[in-house]
Structure formats: C-alpha cells, structure tokens
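Here's the structure we're looking at; comments come further down.
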Amino acid sequence: MTTNNSSTEAQTSHNQALGKTIFTDINSAKQYLDHLRETGLQWDRVGFLSDASYHNLITLLFNNGELIDVFRFSLQRDDNEKLVSYISDSYVIDTRLKVSEKEEFSLDDFQSQENFKNLWDENSISSKNLNAKETTKLFKRWSLGREKIKGRGNKFSQSTKRIVMEESHGRCMFSGCGSRLDFDSLSGHRGNFGYMAHNIAASESGPRGIMYLSKNLADEPSNVLLLCDIHHRLIDRIASLDYPASKLQDMRNVHIQLCNNLLNALSYTPVPVYFIPWSVNGQSIEMPDPISISKSLSVVNCRAKNDLTPIDYGVTDSMRNPYEFHRRSYEHIGDCVNQIKAWTKGSSAAVFVLGPTFALIGFGAKFGNKSKLMPMLRYRDASSWMWPGVQPREAAFIIDEPEINAEHSEVIVSIKLTFPAAMIDSTIDHLNQQVQVTIPVINIYPPQSYGYGNGAIAHPLEGEKLANRLKEIFTNLNQKHGIKKIHLLVCASNAACVYIGQAVDRFQPEFIVYDYGTEIMEPKLRIYNDGKTTVIESVP
C-alpha cells in the first residue's frame, strides 16, 4: 500500500495483474470489510507489512494463524487512522507491524496470498505489536512522509543490560568469537569490556535503522547483542551491509542456545571419554574439541567426567603400515578394550573412535554389550564430531530378511547406510560363485525418505536399536536355522560400525567381517565366541 493525500474520489479498483484489492476511499473499504464479515470470515490479527524501501504497505488479515485476506489502501491522513480502527475493532484485535528485508515488493509477490504469508513469517526481527496510540503514530508518519529521523536513540535501561548480560553469559555473541568480556587476559584487569550493540539500530538513520520501529525496539533485550570491540565496529562501521538484521539475530539465537546447552550439561550424568584415532588411508584423525564433546554427549544427557583420554594402541601402525595394522588388529582392539574396561570398572563410557570398518566392528564386538559403551559419530557433512538427530526416529533403517531353509549354512548380511556401495553387490556375487547353493542375503538400508548418508544413524538411540535388532537376528540365525557363518559386509558410519559390532553375542554363528579391497571387499576379521569370551582373529 502506498499512501498519499491526493486521492479523494470514492472508488474501489481491482488490479487483475496483482489480483489484490486497492482502496482509495474509506466507505468502499468499510463496505468490503463488512462483506467479508457477512460471508462468515473473522480475523483475530491484523498485520501491516512494509518492504524495506517503504514504498508498499500491505494489510493482512489472519484467523488462528491462517492468512485469509490481503489488500492495500491509500486514503487521506485521518481516514487512514479511522480505517485501521475499523479493521481492528477499535484495537481490540492484535495488531502488528513488520518490515521486510526485501528492498521492494515485486509483481511476483502479489501473485498469491501464500507469497505474502511467507514474507510475513520470514520477518520476526523487525516486528512489533501495536496498540491504538502506536498505530495512530505509525499512520501519521506514513502519511506525512517516509524520511528517516536523524539522531541517536535512547540509552539502554538497567533491565535490558541485565537481561542481555545474563543471556550472553558475558561472552561476545558474534558467531565464532565467544570472547570473555569481563576480563583482559593481557593485563589481568577485570571489568566490563563488552559493548551493547543494536540489531535494528536505535536511530532510524543508523546501521539497520528502520522507520518507526527503531525507536520502539531500541530497549528491547531481544534486539540487543553483547559484542567485543572488534565485532561491534565490524557490524556498525566497517561492514554493516554484510550483517543484516536477520544474520545478527541468528547469531544471537545460536549463541544463547549454545550457552544453554553447555550449561545444561552441569545436570547431566558424568562419563569418562576416550579417543582412539586409528587412521584411514594414512590420514590423521582430528581430536574432538570440548564443544564437540559436549554437543555429542548432550544428546544422551551426559557430560564429560574428565578431560578426553587418548588411547594409542595401534595408532602408529594404522598411520604408517595399514597391512601391519590389519595383521595385529586383534591385538590392538583387545588392548584398547582392556584399557577402557580397566579404567571404567564396568561403568558407562563414551568413545570417539575412528578407523577402518573392520576394526570398528571388531572393537564393538570385543567390548560387548554388558557394559554401557557410547560410540560418538564423526559427522562428515558438518566436518565435526556430533549427532545430527535431536530426537531418535521411529524407523531409521529397514531390514529385509529372506527365507532360510535347511540347506543353508551361511548367510550374508549387507548393511548399506552411508551409500549404495556397489562393491558390496560385487562381493555378494563373488561369494555365490564359490558355493553350489545361493547364500541368502539380509539387506539393511535407510528409508528412501531419509536417504543414504554419514548420518543415516543420526542418534545414539537409533544405534542401540540397530544393535538390539541385529543381536536378535544373529541369535535366531544360529538357534532357529542352524546357520554357522555370517559374512558381514558393511558400509556405515564409524559409530554405526561400533553398534553393529556390539550386536555380536554368545550363541551366534561365527562372523567374517569384510572391508574394502581393490575390486571386491576382502575378509579382514573372524569373530566368534569360544563359550567364554568373544575371540577376534585377523584373516590373512
């Protein structure tokens, strides 16, 4: 809506290209609103949405969050205020103003109400509820002109300062900074070294200043960030165009959420954390930092009991000589497991372990499922140790089980979670060429709606569910079908591999664990139970 004072004729025009009603006199506008009410339409919220250039002001009517109508009007000053009062039932209805970051609405925006609903929903920052007095002031400003008022905004209240300091926890809110602002590490002096910075400027003429809203949001804590001197200058003086209000608001929200997540860990169960960096293809493994450890453990309401403890059995071999690592893998796996069990004495533990698939499965099998072991995920999509799933999903994987009869003594278990893995199919064909009776294949893969990926098992409880389901299948293969050998072909994340290994138990067939070779997958480990313990042997 573009408002002016030159239009006094009573008319209602409907622009077919825009498909929206435009009113230029108050009587026609009232008749239109009365017609809407007569048809049974009711609204409980009125929204005014402006583009950033203030060239268009759109009126939106909502009912229970659903957008029911969009229109514009251009009236004389007093009539503007009268119509807004009529729309809002004398301001009993919730009235809200939003200013879009979009410089100017285009014809495409006017093609559907859904476009404006999306624009409205996207703008939660430059927004304020209006009472009768504020709405009157808004339309006076709009009718008198849209020049921004110069001058500085009001100072922060003590209440706003307190809230912002509490929410920031005295740290710079700029993404990736987090500097402590109550202490100077160079001089050792204590004091306040932070700056309260506006998201939407307190002055309409300031960086990210918005007509009318700047003054109204100047002392809103949600519109204020605590920043260090460097980043305060960056967003206001050096590169203000690079930091629109929406970007700064995201920084503020993420900072508060991360602080709360870290502090929530104070009430979590403390567990020891271990790091086993077995190399893959000679590449060094990144040690998780404290934030990654905290984020990974918080998913299961745990926190680190002490500093991360590296365990280096086999690490040198994995880096320098993969063949030697494979040859001695049973020894390296056993040493790591024994060390963790000696330190934890049967209590829960978390392990950040990465390495070849066969070694991870062997590690999970050797550790067993009698003590609580929580493998953490190295999530490649984020290049970080973390779990992408906040809550476990009901159906994170699908298991297709074939018919098995008395003539079968072996079974292939194909687990494709990370990607389709054509080499697994080639290996299945190769194995079947060595036998007279085709070996049944149990296929495990993610639902199509989730797709393959490093985060196919996205939450520890999904991993535990996979381990429990596999344990049941492996036991039934031996107890019900007399299967003696399982060929285990796996393409999965590091954490999923450990969970798969933990499915190994007594009264199950022996396992041949494969890993990637040149053309097909090659057998690497033999795993079986000798009646007393799980035995792991390297396959030559």
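Identifiers for the structure tokens are assigned positionally: chains receive A, B, ... in sequence, residues are indexed from 1 per chain, and ligands are indexed from 1 in the order shown.
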
List as a list of chain:residue names the protein and nucleic acid residues near Thr427 in chain A, meaning an atom at most 10 Å away when only C-alpha atoms are counted, but skip any in the same chain fewer than 4 places from it.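 The residues satisfying every condition are A:Ala422, A:Met423, A:Leu431, A:Asn432, A:Gln433, A:Leu489, A:Tyr514, A:Tyr516, A:Glu519, A:Ile520, A:Met521, A:Glu522.
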
Go ahead and write the residues just picked, C-alpha atoms, as a short mmCIF file (atom, residue, chain, number, x, y, z; two decimals), in the first residue's frame.
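Final file, selection-v2.cif:
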```cif
data_model
loop_
_atom_site.label_atom_id
_atom_site.label_comp_id
_atom_site.auth_asym_id
_atom_site.auth_seq_id
_atom_site.Cartn_x
_atom_site.Cartn_y
_atom_site.Cartn_z
CA ALA A 422 28.21 -51.33 -5.50
CA MET A 423 31.29 -53.20 -4.22
CA LEU A 431 30.72 -65.30 -2.74
CA ASN A 432 27.85 -67.02 -4.54
CA GLN A 433 30.19 -68.14 -7.29
CA LEU A 489 29.52 -56.57 4.52
CA TYR A 514 34.90 -57.62 5.29
CA TYR A 516 37.01 -52.52 1.00
CA GLU A 519 37.75 -54.73 -6.81
CA ILE A 520 35.68 -56.50 -4.18
CA MET A 521 35.51 -56.45 -0.40
CA GLU A 522 38.10 -58.58 1.36
#
```

Write out as a PyMOL selection string the residues lying within 7 Å of range 229-245 of chain A, counting only C-alpha atoms and excluding same-chain residues fewer than 5 positions away. chain A and resi 174+194-195+197+199-200+207-208

Select, from A:Lys366, A:His487, A:Arg45, A:His198, the residue with the minimum atom-to-atom distance to Gly65 in chain A, counting only C-alpha atoms.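 Of the candidates, the smallest distance to Gly65 in chain A is held by A:Arg45.
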
If you run DSSP on this backbone, which residues of range 114-223 of chain A come out as strand (DSSP E), and could you give them as a list in words? Ser127, Lys128, Asn129, Leu130, Tyr195, Met196, Ala197 and His198 of chain A

Among the residues A:Val315, A:Ile125, A:Leu75, A:Leu57, the one that comes closest to Trp278 in chain A [using only C-alpha atoms]: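 Closest residue, counting only C-alpha atoms: A:Val315.
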